[in-house]
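Heads up, work04.pdb below (PDB, C-alpha atoms):
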```pdb
ATOM      1  CA  MET A   1     -21.920  -9.606  17.728
ATOM      2  CA  SER A   2     -21.842  -8.851  13.974
ATOM      3  CA  LYS A   3     -20.718 -11.506  11.524
ATOM      4  CA  ILE A   4     -17.171 -11.212  10.212
ATOM      5  CA  TYR A   5     -16.989 -12.169   6.533
ATOM      6  CA  LYS A   6     -13.917 -14.034   5.334
ATOM      7  CA  LEU A   7     -12.544 -12.650   2.055
ATOM      8  CA  GLY A   8      -9.237 -12.564   0.236
ATOM      9  CA  VAL A   9      -7.178 -12.332  -2.922
ATOM     10  CA  ILE A  10      -5.024 -15.145  -4.282
ATOM     11  CA  GLY A  11      -2.128 -14.909  -6.695
ATOM     12  CA  ALA A  12       1.624 -15.276  -7.093
ATOM     13  CA  PRO A  13       3.303 -12.918  -6.462
ATOM     14  CA  ILE A  14       0.883 -11.183  -4.116
ATOM     15  CA  ASP A  15       2.995  -9.134  -1.675
ATOM     16  CA  HIS A  16       2.426  -5.903  -3.644
ATOM     17  CA  SER A  17      -1.377  -6.199  -3.620
ATOM     18  CA  LEU A  18      -3.400  -3.192  -2.472
ATOM     19  CA  SER A  19      -6.609  -5.240  -2.371
ATOM     20  CA  PRO A  20      -6.570  -5.846   1.422
ATOM     21  CA  PHE A  21      -6.137  -2.096   1.986
ATOM     22  CA  ILE A  22      -8.954  -1.236  -0.436
ATOM     23  CA  HIS A  23     -11.492  -3.774   0.791
ATOM     24  CA  SER A  24     -10.859  -3.039   4.456
ATOM     25  CA  ARG A  25     -11.749   0.604   3.698
ATOM     26  CA  PHE A  26     -14.835  -0.463   1.749
ATOM     27  CA  GLY A  27     -15.943  -2.515   4.744
ATOM     28  CA  ARG A  28     -15.562   0.456   7.080
ATOM     29  CA  GLN A  29     -17.538   2.682   4.702
ATOM     30  CA  GLU A  30     -20.470   0.281   4.635
ATOM     31  CA  ASN A  31     -20.228  -0.884   8.280
ATOM     32  CA  ILE A  32     -19.524  -4.446   7.157
ATOM     33  CA  SER A  33     -17.100  -6.456   9.289
ATOM     34  CA  LEU A  34     -14.685  -8.407   7.139
ATOM     35  CA  ASP A  35     -11.334 -10.136   7.268
ATOM     36  CA  TYR A  36      -9.686  -9.676   3.858
ATOM     37  CA  ARG A  37      -6.214 -11.134   3.358
ATOM     38  CA  ALA A  38      -3.733 -11.741   0.537
ATOM     39  CA  TYR A  39      -2.735 -15.360  -0.046
ATOM     40  CA  LYS A  40       0.215 -16.528  -2.105
ATOM     41  CA  VAL A  41      -1.025 -19.668  -3.856
ATOM     42  CA  SER A  42       0.766 -21.777  -6.464
ATOM     43  CA  ASN A  43      -0.950 -23.379  -9.455
ATOM     44  CA  ILE A  44      -0.634 -26.795  -7.841
ATOM     45  CA  GLU A  45      -2.365 -25.573  -4.664
ATOM     46  CA  LEU A  46      -5.103 -23.563  -6.399
ATOM     47  CA  LYS A  47      -8.077 -25.970  -6.392
ATOM     48  CA  SER A  48      -7.383 -27.346  -2.910
ATOM     49  CA  PHE A  49      -6.903 -23.830  -1.501
ATOM     50  CA  ILE A  50     -10.232 -22.597  -2.892
ATOM     51  CA  ASP A  51     -12.048 -25.698  -1.611
ATOM     52  CA  GLU A  52     -10.521 -25.302   1.845
ATOM     53  CA  PHE A  53     -11.187 -21.543   1.916
ATOM     54  CA  PHE A  54     -14.891 -22.011   1.259
ATOM     55  CA  SER A  55     -15.153 -24.856   3.765
ATOM     56  CA  SER A  56     -15.363 -22.053   6.345
ATOM     57  CA  LYS A  57     -18.950 -20.948   6.982
ATOM     58  CA  SER A  58     -17.787 -17.319   7.204
ATOM     59  CA  ALA A  59     -16.140 -17.384   3.744
ATOM     60  CA  LYS A  60     -17.960 -14.997   1.401
ATOM     61  CA  GLY A  61     -15.718 -14.523  -1.607
ATOM     62  CA  LEU A  62     -12.314 -14.366  -3.246
ATOM     63  CA  ASN A  63     -10.552 -12.170  -5.750
ATOM     64  CA  ILE A  64      -8.330 -13.954  -8.253
ATOM     65  CA  THR A  65      -5.272 -12.310  -9.746
ATOM     66  CA  LEU A  66      -2.408 -13.471 -11.945
ATOM     67  CA  PRO A  67      -1.570 -16.174 -12.774
ATOM     68  CA  HIS A  68      -4.788 -17.927 -11.698
ATOM     69  CA  LYS A  69      -7.635 -16.193 -13.563
ATOM     70  CA  LYS A  70      -8.098 -18.992 -16.100
ATOM     71  CA  ASN A  71      -7.346 -22.004 -13.919
ATOM     72  CA  ALA A  72      -9.722 -20.805 -11.185
ATOM     73  CA  VAL A  73     -12.664 -21.343 -13.563
ATOM     74  CA  ALA A  74     -12.542 -25.073 -12.779
ATOM     75  CA  ALA A  75     -13.078 -24.367  -9.072
ATOM     76  CA  VAL A  76     -16.503 -22.673  -9.377
ATOM     77  CA  ASP A  77     -19.988 -24.022 -10.049
ATOM     78  CA  LYS A  78     -21.404 -21.327 -12.341
ATOM     79  CA  LEU A  79     -19.981 -18.563 -14.546
ATOM     80  CA  SER A  80     -21.371 -15.211 -15.590
ATOM     81  CA  GLU A  81     -21.888 -14.745 -19.330
ATOM     82  CA  GLU A  82     -18.767 -12.599 -19.676
ATOM     83  CA  ALA A  83     -16.618 -14.941 -17.571
ATOM     84  CA  SER A  84     -17.811 -17.864 -19.678
ATOM     85  CA  PHE A  85     -16.765 -16.059 -22.874
ATOM     86  CA  LEU A  86     -13.408 -15.038 -21.400
ATOM     87  CA  GLU A  87     -12.846 -18.436 -19.776
ATOM     88  CA  ALA A  88     -11.391 -16.470 -16.860
ATOM     89  CA  ILE A  89     -12.546 -14.996 -13.549
ATOM     90  CA  ASN A  90     -11.274 -12.477 -11.039
ATOM     91  CA  THR A  91     -14.087 -12.800  -8.479
ATOM     92  CA  ILE A  92     -15.711 -15.740  -6.710
ATOM     93  CA  ASN A  93     -18.946 -15.155  -4.823
ATOM     94  CA  ARG A  94     -20.639 -17.767  -2.651
ATOM     95  CA  LYS A  95     -24.430 -17.759  -2.551
ATOM     96  CA  ALA A  96     -26.343 -20.613  -0.903
ATOM     97  CA  ASN A  97     -23.202 -22.782  -1.075
ATOM     98  CA  ILE A  98     -22.902 -22.280  -4.836
ATOM     99  CA  LEU A  99     -19.673 -20.681  -6.092
ATOM    100  CA  TYR A 100     -20.224 -18.122  -8.844
ATOM    101  CA  GLY A 101     -17.355 -16.887 -11.015
ATOM    102  CA  HIS A 102     -17.339 -13.332 -12.375
ATOM    103  CA  SER A 103     -14.947 -11.009 -14.190
ATOM    104  CA  THR A 104     -15.036  -7.363 -13.105
ATOM    105  CA  ASP A 105     -11.779  -6.287 -14.801
ATOM    106  CA  GLY A 106     -13.338  -5.036 -18.038
ATOM    107  CA  ASP A 107     -16.094  -3.099 -16.313
ATOM    108  CA  GLY A 108     -13.502  -1.749 -13.877
ATOM    109  CA  LEU A 109     -11.405  -0.381 -16.738
ATOM    110  CA  ILE A 110     -14.392   1.228 -18.478
ATOM    111  CA  LYS A 111     -15.620   2.688 -15.177
ATOM    112  CA  ASP A 112     -12.230   4.276 -14.509
ATOM    113  CA  LEU A 113     -11.930   5.600 -18.066
ATOM    114  CA  ASN A 114     -15.404   7.144 -17.774
ATOM    115  CA  GLU A 115     -14.453   8.800 -14.490
ATOM    116  CA  LYS A 116     -11.427  10.281 -16.281
ATOM    117  CA  ASN A 117     -13.710  11.473 -19.128
ATOM    118  CA  ILE A 118     -12.026   9.132 -21.601
ATOM    119  CA  ASN A 119     -14.426   7.854 -24.257
ATOM    120  CA  ILE A 120     -13.306   4.819 -26.281
ATOM    121  CA  LYS A 121     -15.987   5.120 -28.976
ATOM    122  CA  ASP A 122     -14.533   5.779 -32.455
ATOM    123  CA  LYS A 123     -10.981   6.011 -31.078
ATOM    124  CA  ARG A 124      -7.873   4.468 -32.645
ATOM    125  CA  ILE A 125      -6.448   2.190 -29.960
ATOM    126  CA  LEU A 126      -3.034   0.574 -29.624
ATOM    127  CA  ILE A 127      -2.851  -2.312 -27.163
ATOM    128  CA  ILE A 128       0.559  -3.426 -25.904
ATOM    129  CA  GLY A 129       0.622  -7.041 -24.755
ATOM    130  CA  ALA A 130      -1.575 -10.051 -25.446
ATOM    131  CA  GLY A 131      -1.576 -11.897 -22.145
ATOM    132  CA  ALA A 132      -4.173 -12.456 -19.434
ATOM    133  CA  ALA A 133      -4.298  -8.795 -18.380
ATOM    134  CA  ILE A 134      -5.326  -7.676 -21.875
ATOM    135  CA  GLU A 135      -7.666 -10.593 -22.475
ATOM    136  CA  SER A 136      -9.566  -9.760 -19.266
ATOM    137  CA  VAL A 137     -10.481  -6.269 -20.543
ATOM    138  CA  LEU A 138     -10.566  -6.634 -24.341
ATOM    139  CA  TYR A 139     -14.194  -7.826 -24.417
ATOM    140  CA  LYS A 140     -15.391  -4.586 -22.805
ATOM    141  CA  ILE A 141     -13.050  -2.432 -24.887
ATOM    142  CA  ILE A 142     -14.549  -3.880 -28.070
ATOM    143  CA  ASN A 143     -18.098  -3.404 -26.745
ATOM    144  CA  ALA A 144     -17.295   0.304 -26.341
ATOM    145  CA  LYS A 145     -17.007   0.476 -30.172
ATOM    146  CA  PRO A 146     -13.556   1.922 -30.941
ATOM    147  CA  ALA A 147     -12.715   2.742 -34.561
ATOM    148  CA  THR A 148      -9.675   0.451 -34.763
ATOM    149  CA  ILE A 149      -7.595  -1.780 -32.502
ATOM    150  CA  SER A 150      -3.971  -2.762 -33.067
ATOM    151  CA  ILE A 151      -2.259  -5.304 -30.814
ATOM    152  CA  LEU A 152       1.510  -5.077 -30.385
ATOM    153  CA  ASN A 153       3.116  -8.088 -28.725
ATOM    154  CA  ARG A 154       6.621  -9.536 -28.692
ATOM    155  CA  THR A 155       5.168 -12.938 -29.604
ATOM    156  CA  ILE A 156       2.928 -12.306 -32.601
ATOM    157  CA  GLU A 157       1.277 -15.734 -32.275
ATOM    158  CA  LYS A 158      -0.379 -14.679 -28.994
ATOM    159  CA  ALA A 159      -1.691 -11.509 -30.621
ATOM    160  CA  GLU A 160      -3.055 -13.580 -33.497
ATOM    161  CA  ILE A 161      -4.941 -15.830 -31.061
ATOM    162  CA  LEU A 162      -6.749 -12.787 -29.653
ATOM    163  CA  GLN A 163      -7.294 -11.474 -33.167
ATOM    164  CA  ALA A 164      -8.986 -14.727 -34.212
ATOM    165  CA  LYS A 165     -11.161 -14.885 -31.091
ATOM    166  CA  TYR A 166     -12.541 -11.367 -31.486
ATOM    167  CA  MET A 167     -12.501 -10.997 -35.269
ATOM    168  CA  PRO A 168     -16.274 -11.572 -35.593
ATOM    169  CA  MET A 169     -16.820  -8.548 -33.309
ATOM    170  CA  ILE A 170     -14.249  -6.081 -34.663
ATOM    171  CA  ASN A 171     -11.367  -5.927 -37.119
ATOM    172  CA  ILE A 172      -8.234  -6.269 -34.991
ATOM    173  CA  SER A 173      -4.815  -5.728 -36.534
ATOM    174  CA  THR A 174      -1.568  -7.257 -35.290
ATOM    175  CA  ARG A 175       0.408  -4.615 -37.178
ATOM    176  CA  ILE A 176       1.128  -1.004 -36.310
ATOM    177  CA  GLU A 177      -0.865   1.584 -38.246
ATOM    178  CA  SER A 178       0.708   4.661 -39.789
ATOM    179  CA  SER A 179      -1.841   7.038 -38.244
ATOM    180  CA  ILE A 180      -1.658   8.650 -34.811
ATOM    181  CA  TYR A 181      -3.214   6.598 -31.997
ATOM    182  CA  ASP A 182      -5.769   8.209 -29.678
ATOM    183  CA  LEU A 183      -5.372   5.757 -26.801
ATOM    184  CA  VAL A 184      -2.587   3.367 -25.810
ATOM    185  CA  ILE A 185      -3.358   0.632 -23.286
ATOM    186  CA  ASN A 186      -0.421  -1.288 -21.853
ATOM    187  CA  GLY A 187      -1.053  -4.755 -20.477
ATOM    188  CA  SER A 188       2.503  -6.030 -20.634
ATOM    189  CA  SER A 189       4.160  -6.690 -17.284
ATOM    190  CA  ALA A 190       7.315  -5.216 -18.826
ATOM    191  CA  GLY A 191       5.699  -1.828 -18.211
ATOM    192  CA  LEU A 192       6.076  -2.525 -14.512
ATOM    193  CA  THR A 193       9.423  -4.308 -14.348
ATOM    194  CA  GLY A 194      11.439  -1.713 -16.237
ATOM    195  CA  GLU A 195      12.015  -3.966 -19.266
ATOM    196  CA  PHE A 196       9.519  -2.002 -21.352
ATOM    197  CA  SER A 197      10.466  -1.578 -25.030
ATOM    198  CA  PRO A 198       8.614   1.537 -26.213
ATOM    199  CA  PRO A 199       7.057   1.853 -29.666
ATOM    200  CA  ASP A 200       8.036   4.643 -32.055
ATOM    201  CA  LYS A 201       7.101   8.065 -30.632
ATOM    202  CA  ASN A 202       5.905   9.163 -34.077
ATOM    203  CA  LEU A 203       2.772   7.064 -33.526
ATOM    204  CA  PHE A 204       1.570   9.482 -30.840
ATOM    205  CA  ASN A 205       1.126  13.163 -30.077
ATOM    206  CA  ASN A 206       0.416  15.310 -27.026
ATOM    207  CA  ASP A 207      -3.290  14.444 -27.216
ATOM    208  CA  THR A 208      -2.687  10.693 -27.079
ATOM    209  CA  ILE A 209      -3.902   9.103 -23.848
ATOM    210  CA  PHE A 210      -1.686   6.460 -22.235
ATOM    211  CA  TYR A 211      -3.144   3.945 -19.778
ATOM    212  CA  ASP A 212      -1.159   1.256 -17.967
ATOM    213  CA  LEU A 213      -3.130  -1.689 -16.572
ATOM    214  CA  ASN A 214      -0.241  -2.169 -14.128
ATOM    215  CA  TYR A 215       0.007  -0.096 -10.981
ATOM    216  CA  SER A 216       2.775   0.805  -8.579
ATOM    217  CA  LEU A 217       3.065   3.327  -5.775
ATOM    218  CA  ASN A 218       6.470   4.215  -7.265
ATOM    219  CA  GLY A 219       5.156   4.623 -10.814
ATOM    220  CA  THR A 220       5.633   2.303 -13.793
ATOM    221  CA  SER A 221       8.250   2.456 -16.535
ATOM    222  CA  PHE A 222       5.435   2.700 -19.111
ATOM    223  CA  CYS A 223       3.983   5.802 -17.440
ATOM    224  CA  ASN A 224       7.430   7.326 -16.981
ATOM    225  CA  TRP A 225       8.029   6.928 -20.727
ATOM    226  CA  ALA A 226       4.557   8.221 -21.670
ATOM    227  CA  GLU A 227       4.949  11.373 -19.579
ATOM    228  CA  ASN A 228       7.635  12.532 -22.024
ATOM    229  CA  ILE A 229       5.107  12.404 -24.876
ATOM    230  CA  SER A 230       1.763  13.435 -23.444
ATOM    231  CA  GLU A 231       0.229  15.078 -20.403
ATOM    232  CA  ASN A 232      -2.375  12.303 -20.325
ATOM    233  CA  SER A 233      -0.898   9.200 -18.705
ATOM    234  CA  TYR A 234      -2.455   6.993 -16.029
ATOM    235  CA  ASP A 235      -1.512   3.804 -14.243
ATOM    236  CA  GLY A 236      -3.979   1.069 -13.294
ATOM    237  CA  THR A 237      -4.717   2.190  -9.733
ATOM    238  CA  GLY A 238      -8.102   3.604 -10.745
ATOM    239  CA  MET A 239      -9.042   0.387 -12.521
ATOM    240  CA  LEU A 240      -7.908  -1.642  -9.510
ATOM    241  CA  ILE A 241     -10.191   0.360  -7.222
ATOM    242  CA  ALA A 242     -13.107   0.238  -9.681
ATOM    243  CA  GLN A 243     -12.958  -3.523 -10.229
ATOM    244  CA  ALA A 244     -12.604  -4.007  -6.460
ATOM    245  CA  ALA A 245     -15.758  -1.951  -5.908
ATOM    246  CA  LEU A 246     -17.591  -4.122  -8.441
ATOM    247  CA  SER A 247     -16.397  -7.263  -6.631
ATOM    248  CA  PHE A 248     -17.593  -5.770  -3.354
ATOM    249  CA  TYR A 249     -20.967  -5.156  -4.988
ATOM    250  CA  GLU A 250     -21.136  -8.799  -6.089
ATOM    251  CA  TRP A 251     -20.572  -9.892  -2.489
ATOM    252  CA  PHE A 252     -22.711  -7.428  -0.551
ATOM    253  CA  GLY A 253     -25.060  -5.685  -3.002
ATOM    254  CA  VAL A 254     -23.768  -2.184  -2.187
ATOM    255  CA  MET A 255     -21.437  -0.003  -4.276
ATOM    256  CA  PRO A 256     -18.743   1.656  -2.129
ATOM    257  CA  ASP A 257     -17.337   5.146  -2.696
ATOM    258  CA  THR A 258     -14.183   4.787  -4.796
ATOM    259  CA  LYS A 259     -13.022   8.413  -4.670
ATOM    260  CA  LYS A 260     -12.215   8.278  -0.959
ATOM    261  CA  ILE A 261     -10.024   5.219  -1.477
ATOM    262  CA  ALA A 262      -8.214   6.824  -4.418
ATOM    263  CA  ASN A 263      -7.306   9.795  -2.234
ATOM    264  CA  GLU A 264      -6.045   7.514   0.543
ATOM    265  CA  ILE A 265      -3.880   5.498  -1.861
ATOM    266  CA  SER A 266      -2.380   8.655  -3.367
ATOM    267  CA  ASP A 267      -1.268   9.605   0.155
ATOM    268  CA  LEU A 268       0.549   6.304   0.776
TER     269      LEU A 268
END
```

Show me, as structure tokens, the structure contained in the file I just sent.
Amino acid sequence: MSKIYKLGVIGAPIDHSLSPFIHSRFGRQENISLDYRAYKVSNIELKSFIDEFFSSKSAKGLNITLPHKKNAVAAVDKLSEEASFLEAINTINRKANILYGHSTDGDGLIKDLNEKNINIKDKRILIIGAGAAIESVLYKIINAKPATISILNRTIEKAEILQAKYMPMINISTRIESSIYDLVINGSSAGLTGEFSPPDKNLFNNDTIFYDLNYSLNGTSFCNWAENISENSYDGTGMLIAQAALSFYEWFGVMPDTKKIANEISDL
């Protein structure tokens, strides 16, 4: 009888998560038996839940989503270089009873952008939001060497914190530029809830690419707004699948086919 690996994703809220669907398909692709579930976990329960989860001999790994990406760092033994810089993780992998913390969000975003033939290098980028979703990908965005980055956030102090952290790597502005932006990345949850306050349309043209880190089977308010400006708008489903594949690789050492999953999700 083959071993069944215990896996899961923890967050709050978590009911909307597509991760169990995605990873169950990855397991079938690679003939790996796994039990992947979504767990609603509060901040108070976080450390005890992770400890109890990995007390099971069959437990292989966890994905971490909002709001736990930073607090989960305290529950692991070792961090990857990127996770250490970010002070946040989205993946826990157990090897020889040592818990390793990784962040696959940034690589997942870049992987999805590459698959969509979107090159960040030398582009003028507007980032909307300054919370955990943006912080988890900003390191990789900067490493891709854009020309400029502007961060637009309702609370300017949060944008200034990110600006100060990354200023040695790139000049980040917390003010809107007068020129047309090439790429707009939304990391504000308002783009999902319908409370999105759009920037001035004069900052964009039909060639501007809009990318929402949020995802929804019913579409997001950010993407609905962007579709009236440009033919190039995407939600975060591709990034979700890509970062999930990278997590799967951390656990099992094999990279699953992401295109099949994307087609299945589009049919839901």

Taking all atoms of stretch 246-255 of chain A that the file lists, what box with edges along x, y and z, padded by 4 Å per side, do you get, with centre and edge lengths in Å to one decimal, as JSON?
```
{"center_x": -20.7, "center_y": -4.9, "center_z": -4.5, "size_x": 16.7, "size_y": 17.9, "size_z": 15.9}
```

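Each of A:Lys57, A:Lys140, A:Lys70, A:Arg124 was checked against A:Asn171 using all atoms listed in the file; the smallest atom-to-atom distance is that of A:Arg124.
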
Using all atoms listed in the file, what residues lie at most 9 Å away from (-7.0, -6.8, -19.9) (file coordinates), given as JSON, numbers by chain? {"A": [105, 106, 109, 130, 131, 132, 133, 134, 135, 136, 137, 138, 139, 141, 185, 186, 187, 213]}

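Going from atom CA of A:Ser188 over to atom CA of A:Ile50, you cover 27.4 Å.
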
Skip A:Leu126 itself and residues of its chain fewer than 3 positions away, then list as a VMD selection string all residues within 12 Å of it, counting all atoms listed in the file. chain A and resid 120 123 129 to 130 134 138 141 146 to 153 172 to 187 199 203 to 204 208 to 212

Residues of stretch 47-136 of chain A that approach stretch 236-250 of chain A to 7 Å or less, counting all atoms listed in the file: could you list each one with the shortest pair of atoms and its distance in Å to one decimal, rows by chain and increasing residue number, as JSON lines?
```
{"residue": "A:Thr91", "atom": "CA", "partner": "A:Ser247", "partner_atom": "CA", "distance": 6.3}
{"residue": "A:Asn93", "atom": "CA", "partner": "A:Glu250", "partner_atom": "CA", "distance": 6.8}
{"residue": "A:Thr104", "atom": "CA", "partner": "A:Gln243", "partner_atom": "CA", "distance": 5.2}
{"residue": "A:Asp105", "atom": "CA", "partner": "A:Gln243", "partner_atom": "CA", "distance": 5.5}
{"residue": "A:Asp107", "atom": "CA", "partner": "A:Gln243", "partner_atom": "CA", "distance": 6.9}
{"residue": "A:Gly108", "atom": "CA", "partner": "A:Gln243", "partner_atom": "CA", "distance": 4.1}
{"residue": "A:Leu109", "atom": "CA", "partner": "A:Met239", "partner_atom": "CA", "distance": 4.9}
{"residue": "A:Lys111", "atom": "CA", "partner": "A:Ala242", "partner_atom": "CA", "distance": 6.5}
{"residue": "A:Asp112", "atom": "CA", "partner": "A:Met239", "partner_atom": "CA", "distance": 5.4}
```

Quick one: pull the distance between atom CA of A:Ser42 and atom CA of A:Ala12, Å, one decimal. 6.6 Å

Between A:Ala96, A:Val9, A:Leu268, A:Ile156, which has the minimum distance to A:Ile64 (counting all atoms listed in the file)? A:Val9

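Reported to one decimal place, the separation of atom CA of A:Asn117 from atom CA of A:Glu231 is 14.5 Å.
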
Spell out the residues picked by the PyMOL selection byres ((chain A and resi 45) around 12) here, as number ranges by chain. A: 10-12, 39-44, 46-53, 68, 71-72, 75

Evaluate the PyMOL selection byres ((chain A and resi 230) around 7) here and jot the selected residues down as a VMD selection string. chain A and resid 205 to 208 226 to 229 231 to 233

Output C-alpha atoms of each residue in that selection to a file, as a PDB file, keeping the file's coordinate frame.
```pdb
ATOM      1  CA  ASN A 205       1.126  13.163 -30.077  1.00  0.00           C
ATOM      2  CA  ASN A 206       0.416  15.310 -27.026  1.00  0.00           C
ATOM      3  CA  ASP A 207      -3.290  14.444 -27.216  1.00  0.00           C
ATOM      4  CA  THR A 208      -2.687  10.693 -27.079  1.00  0.00           C
ATOM      5  CA  ALA A 226       4.557   8.221 -21.670  1.00  0.00           C
ATOM      6  CA  GLU A 227       4.949  11.373 -19.579  1.00  0.00           C
ATOM      7  CA  ASN A 228       7.635  12.532 -22.024  1.00  0.00           C
ATOM      8  CA  ILE A 229       5.107  12.404 -24.876  1.00  0.00           C
ATOM      9  CA  GLU A 231       0.229  15.078 -20.403  1.00  0.00           C
ATOM     10  CA  ASN A 232      -2.375  12.303 -20.325  1.00  0.00           C
ATOM     11  CA  SER A 233      -0.898   9.200 -18.705  1.00  0.00           C
TER      12      SER A 233
END
```

Closest to A:Ala59 among A:Ile22, A:Ile92, A:Ile118, A:Leu86, using only C-alpha atoms? A:Ile92

Env of A:Ser58: 8 Å cut, atoms = all atoms listed in the file, seq-sep filter 4 positions within chain, self excluded. Answer as a ChimeraX atom specification. /A:3-6

Name the residues within 8 Å of (-10.2, -17.9, -19.8), counting all atoms listed in the file in the file's coordinates, and put them as an mmCIF file with C-alpha atoms, in the coordinates of the input.
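The result, stored in out03.cif:
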```cif
data_model
loop_
_atom_site.group_PDB
_atom_site.id
_atom_site.type_symbol
_atom_site.label_atom_id
_atom_site.label_comp_id
_atom_site.auth_asym_id
_atom_site.auth_seq_id
_atom_site.Cartn_x
_atom_site.Cartn_y
_atom_site.Cartn_z
ATOM 1 C CA LYS A 69 -7.635 -16.193 -13.563
ATOM 2 C CA LYS A 70 -8.098 -18.992 -16.100
ATOM 3 C CA ASN A 71 -7.346 -22.004 -13.919
ATOM 4 C CA VAL A 73 -12.664 -21.343 -13.563
ATOM 5 C CA ALA A 83 -16.618 -14.941 -17.571
ATOM 6 C CA SER A 84 -17.811 -17.864 -19.678
ATOM 7 C CA PHE A 85 -16.765 -16.059 -22.874
ATOM 8 C CA LEU A 86 -13.408 -15.038 -21.400
ATOM 9 C CA GLU A 87 -12.846 -18.436 -19.776
ATOM 10 C CA ALA A 88 -11.391 -16.470 -16.860
ATOM 11 C CA ILE A 89 -12.546 -14.996 -13.549
#
```

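Nearest residue to A:Ser103, choosing from A:Ala74, A:Asn63, A:Ser2, A:Ser17 and counting only C-alpha atoms: A:Asn63.
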
Assuming the input is short of atoms at stretch 94-111 of chain A, produce N, CA and C atoms for that part as a short mmCIF file (atom, residue, chain, number, x, y, z; two decimals), in the frame of the given file.
```cif
data_model
loop_
_atom_site.label_atom_id
_atom_site.label_comp_id
_atom_site.auth_asym_id
_atom_site.auth_seq_id
_atom_site.Cartn_x
_atom_site.Cartn_y
_atom_site.Cartn_z
N ARG A 94 -19.86 -16.62 -3.11
CA ARG A 94 -20.64 -17.77 -2.65
C ARG A 94 -22.04 -17.33 -2.26
N LYS A 95 -23.02 -17.97 -2.89
CA LYS A 95 -24.43 -17.76 -2.55
C LYS A 95 -25.08 -19.12 -2.38
N ALA A 96 -25.65 -19.35 -1.19
CA ALA A 96 -26.34 -20.61 -0.90
C ALA A 96 -25.46 -21.82 -1.25
N ASN A 97 -24.18 -21.71 -0.87
CA ASN A 97 -23.20 -22.78 -1.08
C ASN A 97 -22.92 -23.09 -2.54
N ILE A 98 -23.27 -22.18 -3.43
CA ILE A 98 -22.90 -22.28 -4.84
C ILE A 98 -21.84 -21.22 -5.12
N LEU A 99 -20.75 -21.61 -5.77
CA LEU A 99 -19.67 -20.68 -6.09
C LEU A 99 -19.87 -20.13 -7.50
N TYR A 100 -20.02 -18.81 -7.57
CA TYR A 100 -20.22 -18.12 -8.84
C TYR A 100 -18.93 -17.42 -9.25
N GLY A 101 -18.55 -17.55 -10.50
CA GLY A 101 -17.36 -16.89 -11.02
C GLY A 101 -17.71 -15.70 -11.89
N HIS A 102 -17.08 -14.57 -11.63
CA HIS A 102 -17.34 -13.33 -12.38
C HIS A 102 -16.01 -12.74 -12.84
N SER A 103 -16.10 -11.82 -13.79
CA SER A 103 -14.95 -11.01 -14.19
C SER A 103 -15.36 -9.54 -14.12
N THR A 104 -14.72 -8.79 -13.24
CA THR A 104 -15.04 -7.36 -13.10
C THR A 104 -13.94 -6.48 -13.69
N ASP A 105 -12.90 -7.08 -14.28
CA ASP A 105 -11.78 -6.29 -14.80
C ASP A 105 -12.21 -5.34 -15.92
N GLY A 106 -12.93 -5.87 -16.90
CA GLY A 106 -13.34 -5.04 -18.04
C GLY A 106 -14.22 -3.88 -17.62
N ASP A 107 -15.22 -4.17 -16.80
CA ASP A 107 -16.09 -3.10 -16.31
C ASP A 107 -15.32 -2.12 -15.44
N GLY A 108 -14.33 -2.63 -14.70
CA GLY A 108 -13.50 -1.75 -13.88
C GLY A 108 -12.70 -0.77 -14.71
N LEU A 109 -12.14 -1.27 -15.83
CA LEU A 109 -11.40 -0.38 -16.74
C LEU A 109 -12.32 0.68 -17.32
N ILE A 110 -13.47 0.27 -17.86
CA ILE A 110 -14.39 1.23 -18.48
C ILE A 110 -14.89 2.24 -17.45
N LYS A 111 -15.16 1.78 -16.24
CA LYS A 111 -15.62 2.69 -15.18
C LYS A 111 -14.56 3.74 -14.88
#
```
